[in-house]
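Q: You'll find final_8.txt just under this line, and it carries compact mmCIF, N, CA and C atoms.
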```
# COMPACT_ATOMS: atom_id res chain seq x y z
N MET A 13 -147.45 -48.33 142.39
CA MET A 13 -147.60 -49.19 143.55
C MET A 13 -148.51 -50.35 143.18
N GLY A 14 -148.12 -51.58 143.52
CA GLY A 14 -148.88 -52.77 143.16
C GLY A 14 -150.11 -52.94 144.01
N LYS A 15 -151.00 -53.78 143.52
CA LYS A 15 -152.24 -54.06 144.24
C LYS A 15 -151.94 -54.92 145.46
N GLN A 16 -152.53 -54.58 146.59
CA GLN A 16 -152.33 -55.33 147.81
C GLN A 16 -153.53 -56.25 148.01
N PHE A 17 -153.28 -57.53 148.20
CA PHE A 17 -154.37 -58.50 148.36
C PHE A 17 -154.73 -58.63 149.83
N ASP A 18 -156.04 -58.65 150.10
CA ASP A 18 -156.53 -58.73 151.46
C ASP A 18 -156.80 -60.17 151.89
N ALA A 19 -156.90 -61.09 150.94
CA ALA A 19 -157.22 -62.48 151.27
C ALA A 19 -156.00 -63.19 151.86
N CYS A 20 -156.25 -64.09 152.78
CA CYS A 20 -155.19 -64.90 153.37
C CYS A 20 -154.62 -65.83 152.30
N PRO A 21 -153.30 -65.90 152.17
CA PRO A 21 -152.72 -66.80 151.17
C PRO A 21 -152.90 -68.28 151.52
N LEU A 22 -153.28 -68.57 152.77
CA LEU A 22 -153.47 -69.96 153.19
C LEU A 22 -154.91 -70.42 153.03
N CYS A 23 -155.87 -69.59 153.45
CA CYS A 23 -157.27 -70.04 153.46
C CYS A 23 -158.22 -69.11 152.72
N GLU A 24 -157.74 -67.91 152.37
CA GLU A 24 -158.55 -66.89 151.72
C GLU A 24 -159.72 -66.43 152.59
N GLY A 25 -159.64 -66.66 153.90
CA GLY A 25 -160.70 -66.30 154.83
C GLY A 25 -160.67 -64.85 155.23
N GLY A 26 -161.71 -64.42 155.93
CA GLY A 26 -161.81 -63.06 156.44
C GLY A 26 -160.83 -62.83 157.57
N LYS A 27 -160.83 -61.60 158.08
CA LYS A 27 -159.89 -61.26 159.15
C LYS A 27 -160.58 -60.45 160.23
N LYS A 28 -159.95 -60.44 161.41
CA LYS A 28 -160.44 -59.62 162.50
C LYS A 28 -159.25 -59.21 163.37
N ALA A 29 -159.37 -58.04 163.99
CA ALA A 29 -158.33 -57.54 164.88
C ALA A 29 -158.45 -58.25 166.23
N GLU A 30 -157.33 -58.73 166.72
CA GLU A 30 -157.30 -59.41 168.02
C GLU A 30 -155.99 -59.10 168.72
N VAL A 31 -155.87 -59.58 169.93
CA VAL A 31 -154.64 -59.50 170.70
C VAL A 31 -154.15 -60.92 170.88
N VAL A 32 -152.87 -61.16 170.55
CA VAL A 32 -152.30 -62.51 170.59
C VAL A 32 -151.07 -62.53 171.50
N THR A 33 -150.54 -63.72 171.71
CA THR A 33 -149.30 -63.91 172.45
C THR A 33 -148.24 -64.39 171.47
N PHE A 34 -147.07 -63.73 171.48
CA PHE A 34 -145.96 -64.09 170.61
C PHE A 34 -144.91 -64.80 171.45
N THR A 35 -144.41 -65.94 170.97
CA THR A 35 -143.39 -66.70 171.68
C THR A 35 -142.18 -66.91 170.78
N ALA A 36 -141.00 -66.66 171.33
CA ALA A 36 -139.75 -66.88 170.60
C ALA A 36 -138.89 -67.85 171.40
N ASP A 37 -138.51 -68.97 170.78
CA ASP A 37 -137.61 -69.93 171.41
C ASP A 37 -136.22 -69.66 170.86
N LEU A 38 -135.34 -69.14 171.71
CA LEU A 38 -134.00 -68.78 171.29
C LEU A 38 -133.00 -69.90 171.51
N GLY A 39 -133.48 -71.07 171.89
CA GLY A 39 -132.60 -72.21 172.13
C GLY A 39 -132.17 -72.29 173.58
N PHE A 40 -131.65 -71.19 174.12
CA PHE A 40 -131.21 -71.15 175.51
C PHE A 40 -132.23 -70.48 176.41
N GLU A 41 -133.23 -69.84 175.80
CA GLU A 41 -134.29 -69.21 176.58
C GLU A 41 -135.55 -69.07 175.74
N VAL A 42 -136.66 -68.85 176.42
CA VAL A 42 -137.95 -68.63 175.77
C VAL A 42 -138.42 -67.23 176.15
N VAL A 43 -138.84 -66.46 175.15
CA VAL A 43 -139.37 -65.12 175.38
C VAL A 43 -140.85 -65.13 175.00
N VAL A 44 -141.70 -64.68 175.91
CA VAL A 44 -143.14 -64.62 175.68
C VAL A 44 -143.56 -63.15 175.74
N VAL A 45 -144.21 -62.67 174.68
CA VAL A 45 -144.70 -61.30 174.64
C VAL A 45 -146.22 -61.38 174.55
N ARG A 46 -146.89 -60.86 175.54
CA ARG A 46 -148.36 -60.89 175.59
C ARG A 46 -148.93 -59.57 175.08
N ASN A 47 -150.23 -59.59 174.79
CA ASN A 47 -150.98 -58.40 174.37
C ASN A 47 -150.45 -57.80 173.07
N VAL A 48 -150.15 -58.64 172.11
CA VAL A 48 -149.64 -58.20 170.82
C VAL A 48 -150.82 -57.98 169.87
N PRO A 49 -151.01 -56.76 169.37
CA PRO A 49 -152.09 -56.54 168.40
C PRO A 49 -151.76 -57.22 167.08
N ALA A 50 -152.75 -57.92 166.53
CA ALA A 50 -152.53 -58.66 165.29
C ALA A 50 -153.84 -58.75 164.51
N THR A 51 -153.71 -59.11 163.25
CA THR A 51 -154.86 -59.42 162.43
C THR A 51 -154.92 -60.94 162.34
N VAL A 52 -156.04 -61.52 162.74
CA VAL A 52 -156.18 -62.98 162.78
C VAL A 52 -157.20 -63.40 161.73
N ARG A 53 -156.86 -64.40 160.95
CA ARG A 53 -157.76 -64.93 159.92
C ARG A 53 -158.81 -65.80 160.59
N CYS A 54 -160.07 -65.54 160.23
CA CYS A 54 -161.20 -66.23 160.86
C CYS A 54 -161.23 -67.72 160.55
N GLN A 55 -160.80 -68.12 159.37
CA GLN A 55 -160.91 -69.52 158.99
C GLN A 55 -159.73 -70.36 159.47
N CYS A 56 -158.50 -69.92 159.22
CA CYS A 56 -157.34 -70.76 159.55
C CYS A 56 -156.66 -70.36 160.86
N GLY A 57 -156.96 -69.17 161.38
CA GLY A 57 -156.39 -68.73 162.65
C GLY A 57 -154.99 -68.15 162.54
N THR A 58 -154.46 -68.03 161.34
CA THR A 58 -153.14 -67.46 161.15
C THR A 58 -153.15 -66.01 161.59
N ASP A 59 -152.12 -65.60 162.35
CA ASP A 59 -152.08 -64.20 162.75
C ASP A 59 -150.98 -63.46 161.99
N TRP A 60 -151.27 -62.20 161.71
CA TRP A 60 -150.36 -61.33 160.98
C TRP A 60 -150.08 -60.13 161.84
N ILE A 61 -148.80 -59.82 162.03
CA ILE A 61 -148.37 -58.72 162.90
C ILE A 61 -147.82 -57.61 162.03
N ALA A 62 -148.27 -56.38 162.28
CA ALA A 62 -147.82 -55.22 161.51
C ALA A 62 -146.32 -55.02 161.69
N ASP A 63 -145.69 -54.39 160.71
CA ASP A 63 -144.24 -54.18 160.73
C ASP A 63 -143.77 -53.40 161.94
N ASP A 64 -144.50 -52.35 162.34
CA ASP A 64 -144.07 -51.56 163.48
C ASP A 64 -144.17 -52.35 164.78
N VAL A 65 -145.18 -53.20 164.89
CA VAL A 65 -145.34 -54.05 166.07
C VAL A 65 -144.23 -55.12 166.08
N ALA A 66 -143.93 -55.69 164.93
CA ALA A 66 -142.86 -56.69 164.82
C ALA A 66 -141.51 -56.08 165.21
N ALA A 67 -141.28 -54.82 164.83
CA ALA A 67 -140.04 -54.15 165.19
C ALA A 67 -139.93 -53.99 166.71
N ARG A 68 -141.05 -53.65 167.35
CA ARG A 68 -141.06 -53.51 168.82
C ARG A 68 -140.81 -54.86 169.49
N ILE A 69 -141.42 -55.92 168.96
CA ILE A 69 -141.19 -57.26 169.49
C ILE A 69 -139.72 -57.63 169.35
N ASP A 70 -139.13 -57.32 168.21
CA ASP A 70 -137.72 -57.61 167.97
C ASP A 70 -136.84 -56.92 169.02
N GLU A 71 -137.17 -55.67 169.36
CA GLU A 71 -136.44 -54.95 170.40
C GLU A 71 -136.56 -55.67 171.74
N LEU A 72 -137.78 -56.09 172.08
CA LEU A 72 -138.00 -56.78 173.36
C LEU A 72 -137.24 -58.10 173.42
N VAL A 73 -137.26 -58.85 172.33
CA VAL A 73 -136.55 -60.14 172.28
C VAL A 73 -135.05 -59.91 172.41
N ASN A 74 -134.52 -58.90 171.73
CA ASN A 74 -133.09 -58.61 171.83
C ASN A 74 -132.70 -58.18 173.24
N ASP A 75 -133.55 -57.39 173.90
CA ASP A 75 -133.30 -57.00 175.29
C ASP A 75 -133.31 -58.23 176.20
N ALA A 76 -134.25 -59.13 175.99
CA ALA A 76 -134.33 -60.35 176.80
C ALA A 76 -133.10 -61.23 176.56
N ARG A 77 -132.63 -61.28 175.33
CA ARG A 77 -131.45 -62.08 174.99
C ARG A 77 -130.23 -61.60 175.79
N LYS A 78 -130.11 -60.31 175.97
CA LYS A 78 -128.98 -59.73 176.71
C LYS A 78 -129.01 -60.10 178.18
N LYS A 79 -130.18 -60.38 178.74
CA LYS A 79 -130.32 -60.70 180.16
C LYS A 79 -129.92 -62.14 180.48
N HIS A 80 -129.89 -63.01 179.47
CA HIS A 80 -129.54 -64.42 179.64
C HIS A 80 -130.42 -65.14 180.66
N LEU A 81 -131.70 -64.83 180.64
CA LEU A 81 -132.65 -65.53 181.50
C LEU A 81 -133.17 -66.77 180.77
N GLN A 82 -133.69 -67.71 181.51
CA GLN A 82 -134.25 -68.90 180.88
C GLN A 82 -135.63 -68.61 180.28
N VAL A 83 -136.44 -67.82 181.00
CA VAL A 83 -137.76 -67.43 180.53
C VAL A 83 -137.97 -65.95 180.81
N GLU A 84 -138.45 -65.23 179.81
CA GLU A 84 -138.77 -63.81 179.97
C GLU A 84 -140.19 -63.62 179.46
N VAL A 85 -141.07 -63.07 180.31
CA VAL A 85 -142.46 -62.81 179.91
C VAL A 85 -142.68 -61.30 180.04
N MET A 86 -143.18 -60.69 178.96
CA MET A 86 -143.43 -59.26 178.96
C MET A 86 -144.69 -58.96 178.20
N SER A 87 -145.13 -57.72 178.25
CA SER A 87 -146.36 -57.32 177.59
C SER A 87 -146.09 -56.05 176.78
N LEU A 88 -146.77 -55.93 175.63
CA LEU A 88 -146.65 -54.71 174.84
C LEU A 88 -147.44 -53.57 175.43
N THR A 89 -148.40 -53.87 176.30
CA THR A 89 -149.21 -52.80 176.88
C THR A 89 -148.74 -52.47 178.29
```
Please render this file's structure as structure tokens.
A:
Amino acid sequence: MGKQFDACPLCEGGKKAEVVTFTADLGFEVVVVRNVPATVRCQCGTDWIADDVAARIDELVNDARKKHLQVEVMSLT
């Protein structure tokens, strides 16, 4: 197994756990997911979402796509 780097590839800054808002523009609608746990870089502000959380967001976005609404706002919590 290869070495995993902890530094941000953009700024090499530190990180902290936070809750963020994820937005997806699907062209015909906008999906907003609030209360998303993420790791946020202290220096550049880039957020990183874990694979399992990203999979859950993908499910929510796909469900919203099926509804054909213009705006869908939901929360992970």
Q: Using all atoms listed in the file for the distances, tell me which of A:Cys56, A:Ala50, A:Val65, A:Gln82 is nearest to Leu22 in chain A.
A: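 Between A:Cys56, A:Ala50, A:Val65, A:Gln82, the residue approaching Leu22 in chain A most closely is A:Cys56.
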Q: Considering all atoms listed in the file, state which residue in the set A:Leu38, A:Gln55, A:Asp64, A:Asn47 is at the smallest distance from Gly25 in chain A.
A: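 Distance minimum relative to Gly25 in chain A lands on A:Gln55.
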Q: Restricting the calculation to all atoms listed in the file, which member of A:Lys79, A:Lys28, A:Val85, A:Cys23 is positioned closest to Arg53 in chain A?
A: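 The answer is A:Lys28, which sits nearest to Arg53 in chain A.
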Q: Using only C-alpha atoms, find the one residue out of A:Ala36, A:Ala29, A:Val43, A:Val48 that sits nearest to His80 in chain A.
A: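 Closest to His80 in chain A, using only C-alpha atoms: A:Val43.
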Q: Can you list, as a short mmCIF file (atom, residue, chain, number, x, y, z; two decimals) with N, CA and C atoms, in the frame of the given file, every residue of chain A that DSSP puts in strand (DSSP E or B)?
A:
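Output file states.cif is given in full below:
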```
data_model
loop_
_atom_site.label_atom_id
_atom_site.label_comp_id
_atom_site.auth_asym_id
_atom_site.auth_seq_id
_atom_site.Cartn_x
_atom_site.Cartn_y
_atom_site.Cartn_z
N LYS A 27 -160.83 -61.60 158.08
CA LYS A 27 -159.89 -61.26 159.15
C LYS A 27 -160.58 -60.45 160.23
N LYS A 28 -159.95 -60.44 161.41
CA LYS A 28 -160.44 -59.62 162.50
C LYS A 28 -159.25 -59.21 163.37
N ALA A 29 -159.37 -58.04 163.99
CA ALA A 29 -158.33 -57.54 164.88
C ALA A 29 -158.45 -58.25 166.23
N GLU A 30 -157.33 -58.73 166.72
CA GLU A 30 -157.30 -59.41 168.02
C GLU A 30 -155.99 -59.10 168.72
N VAL A 31 -155.87 -59.58 169.93
CA VAL A 31 -154.64 -59.50 170.70
C VAL A 31 -154.15 -60.92 170.88
N VAL A 32 -152.87 -61.16 170.55
CA VAL A 32 -152.30 -62.51 170.59
C VAL A 32 -151.07 -62.53 171.50
N THR A 33 -150.54 -63.72 171.71
CA THR A 33 -149.30 -63.91 172.45
C THR A 33 -148.24 -64.39 171.47
N PHE A 34 -147.07 -63.73 171.48
CA PHE A 34 -145.96 -64.09 170.61
C PHE A 34 -144.91 -64.80 171.45
N THR A 35 -144.41 -65.94 170.97
CA THR A 35 -143.39 -66.70 171.68
C THR A 35 -142.18 -66.91 170.78
N ALA A 36 -141.00 -66.66 171.33
CA ALA A 36 -139.75 -66.88 170.60
C ALA A 36 -138.89 -67.85 171.40
N ASP A 37 -138.51 -68.97 170.78
CA ASP A 37 -137.61 -69.93 171.41
C ASP A 37 -136.22 -69.66 170.86
N VAL A 42 -136.66 -68.85 176.42
CA VAL A 42 -137.95 -68.63 175.77
C VAL A 42 -138.42 -67.23 176.15
N VAL A 43 -138.84 -66.46 175.15
CA VAL A 43 -139.37 -65.12 175.38
C VAL A 43 -140.85 -65.13 175.00
N VAL A 44 -141.70 -64.68 175.91
CA VAL A 44 -143.14 -64.62 175.68
C VAL A 44 -143.56 -63.15 175.74
N VAL A 45 -144.21 -62.67 174.68
CA VAL A 45 -144.70 -61.30 174.64
C VAL A 45 -146.22 -61.38 174.55
N ARG A 46 -146.89 -60.86 175.54
CA ARG A 46 -148.36 -60.89 175.59
C ARG A 46 -148.93 -59.57 175.08
N ASN A 47 -150.23 -59.59 174.79
CA ASN A 47 -150.98 -58.40 174.37
C ASN A 47 -150.45 -57.80 173.07
N VAL A 48 -150.15 -58.64 172.11
CA VAL A 48 -149.64 -58.20 170.82
C VAL A 48 -150.82 -57.98 169.87
N PRO A 49 -151.01 -56.76 169.37
CA PRO A 49 -152.09 -56.54 168.40
C PRO A 49 -151.76 -57.22 167.08
N ALA A 50 -152.75 -57.92 166.53
CA ALA A 50 -152.53 -58.66 165.29
C ALA A 50 -153.84 -58.75 164.51
N THR A 51 -153.71 -59.11 163.25
CA THR A 51 -154.86 -59.42 162.43
C THR A 51 -154.92 -60.94 162.34
N VAL A 52 -156.04 -61.52 162.74
CA VAL A 52 -156.18 -62.98 162.78
C VAL A 52 -157.20 -63.40 161.73
N ARG A 53 -156.86 -64.40 160.95
CA ARG A 53 -157.76 -64.93 159.92
C ARG A 53 -158.81 -65.80 160.59
N ASP A 59 -152.12 -65.60 162.35
CA ASP A 59 -152.08 -64.20 162.75
C ASP A 59 -150.98 -63.46 161.99
N TRP A 60 -151.27 -62.20 161.71
CA TRP A 60 -150.36 -61.33 160.98
C TRP A 60 -150.08 -60.13 161.84
N VAL A 83 -136.44 -67.82 181.00
CA VAL A 83 -137.76 -67.43 180.53
C VAL A 83 -137.97 -65.95 180.81
N GLU A 84 -138.45 -65.23 179.81
CA GLU A 84 -138.77 -63.81 179.97
C GLU A 84 -140.19 -63.62 179.46
N VAL A 85 -141.07 -63.07 180.31
CA VAL A 85 -142.46 -62.81 179.91
C VAL A 85 -142.68 -61.30 180.04
N MET A 86 -143.18 -60.69 178.96
CA MET A 86 -143.43 -59.26 178.96
C MET A 86 -144.69 -58.96 178.20
N SER A 87 -145.13 -57.72 178.25
CA SER A 87 -146.36 -57.32 177.59
C SER A 87 -146.09 -56.05 176.78
#
```
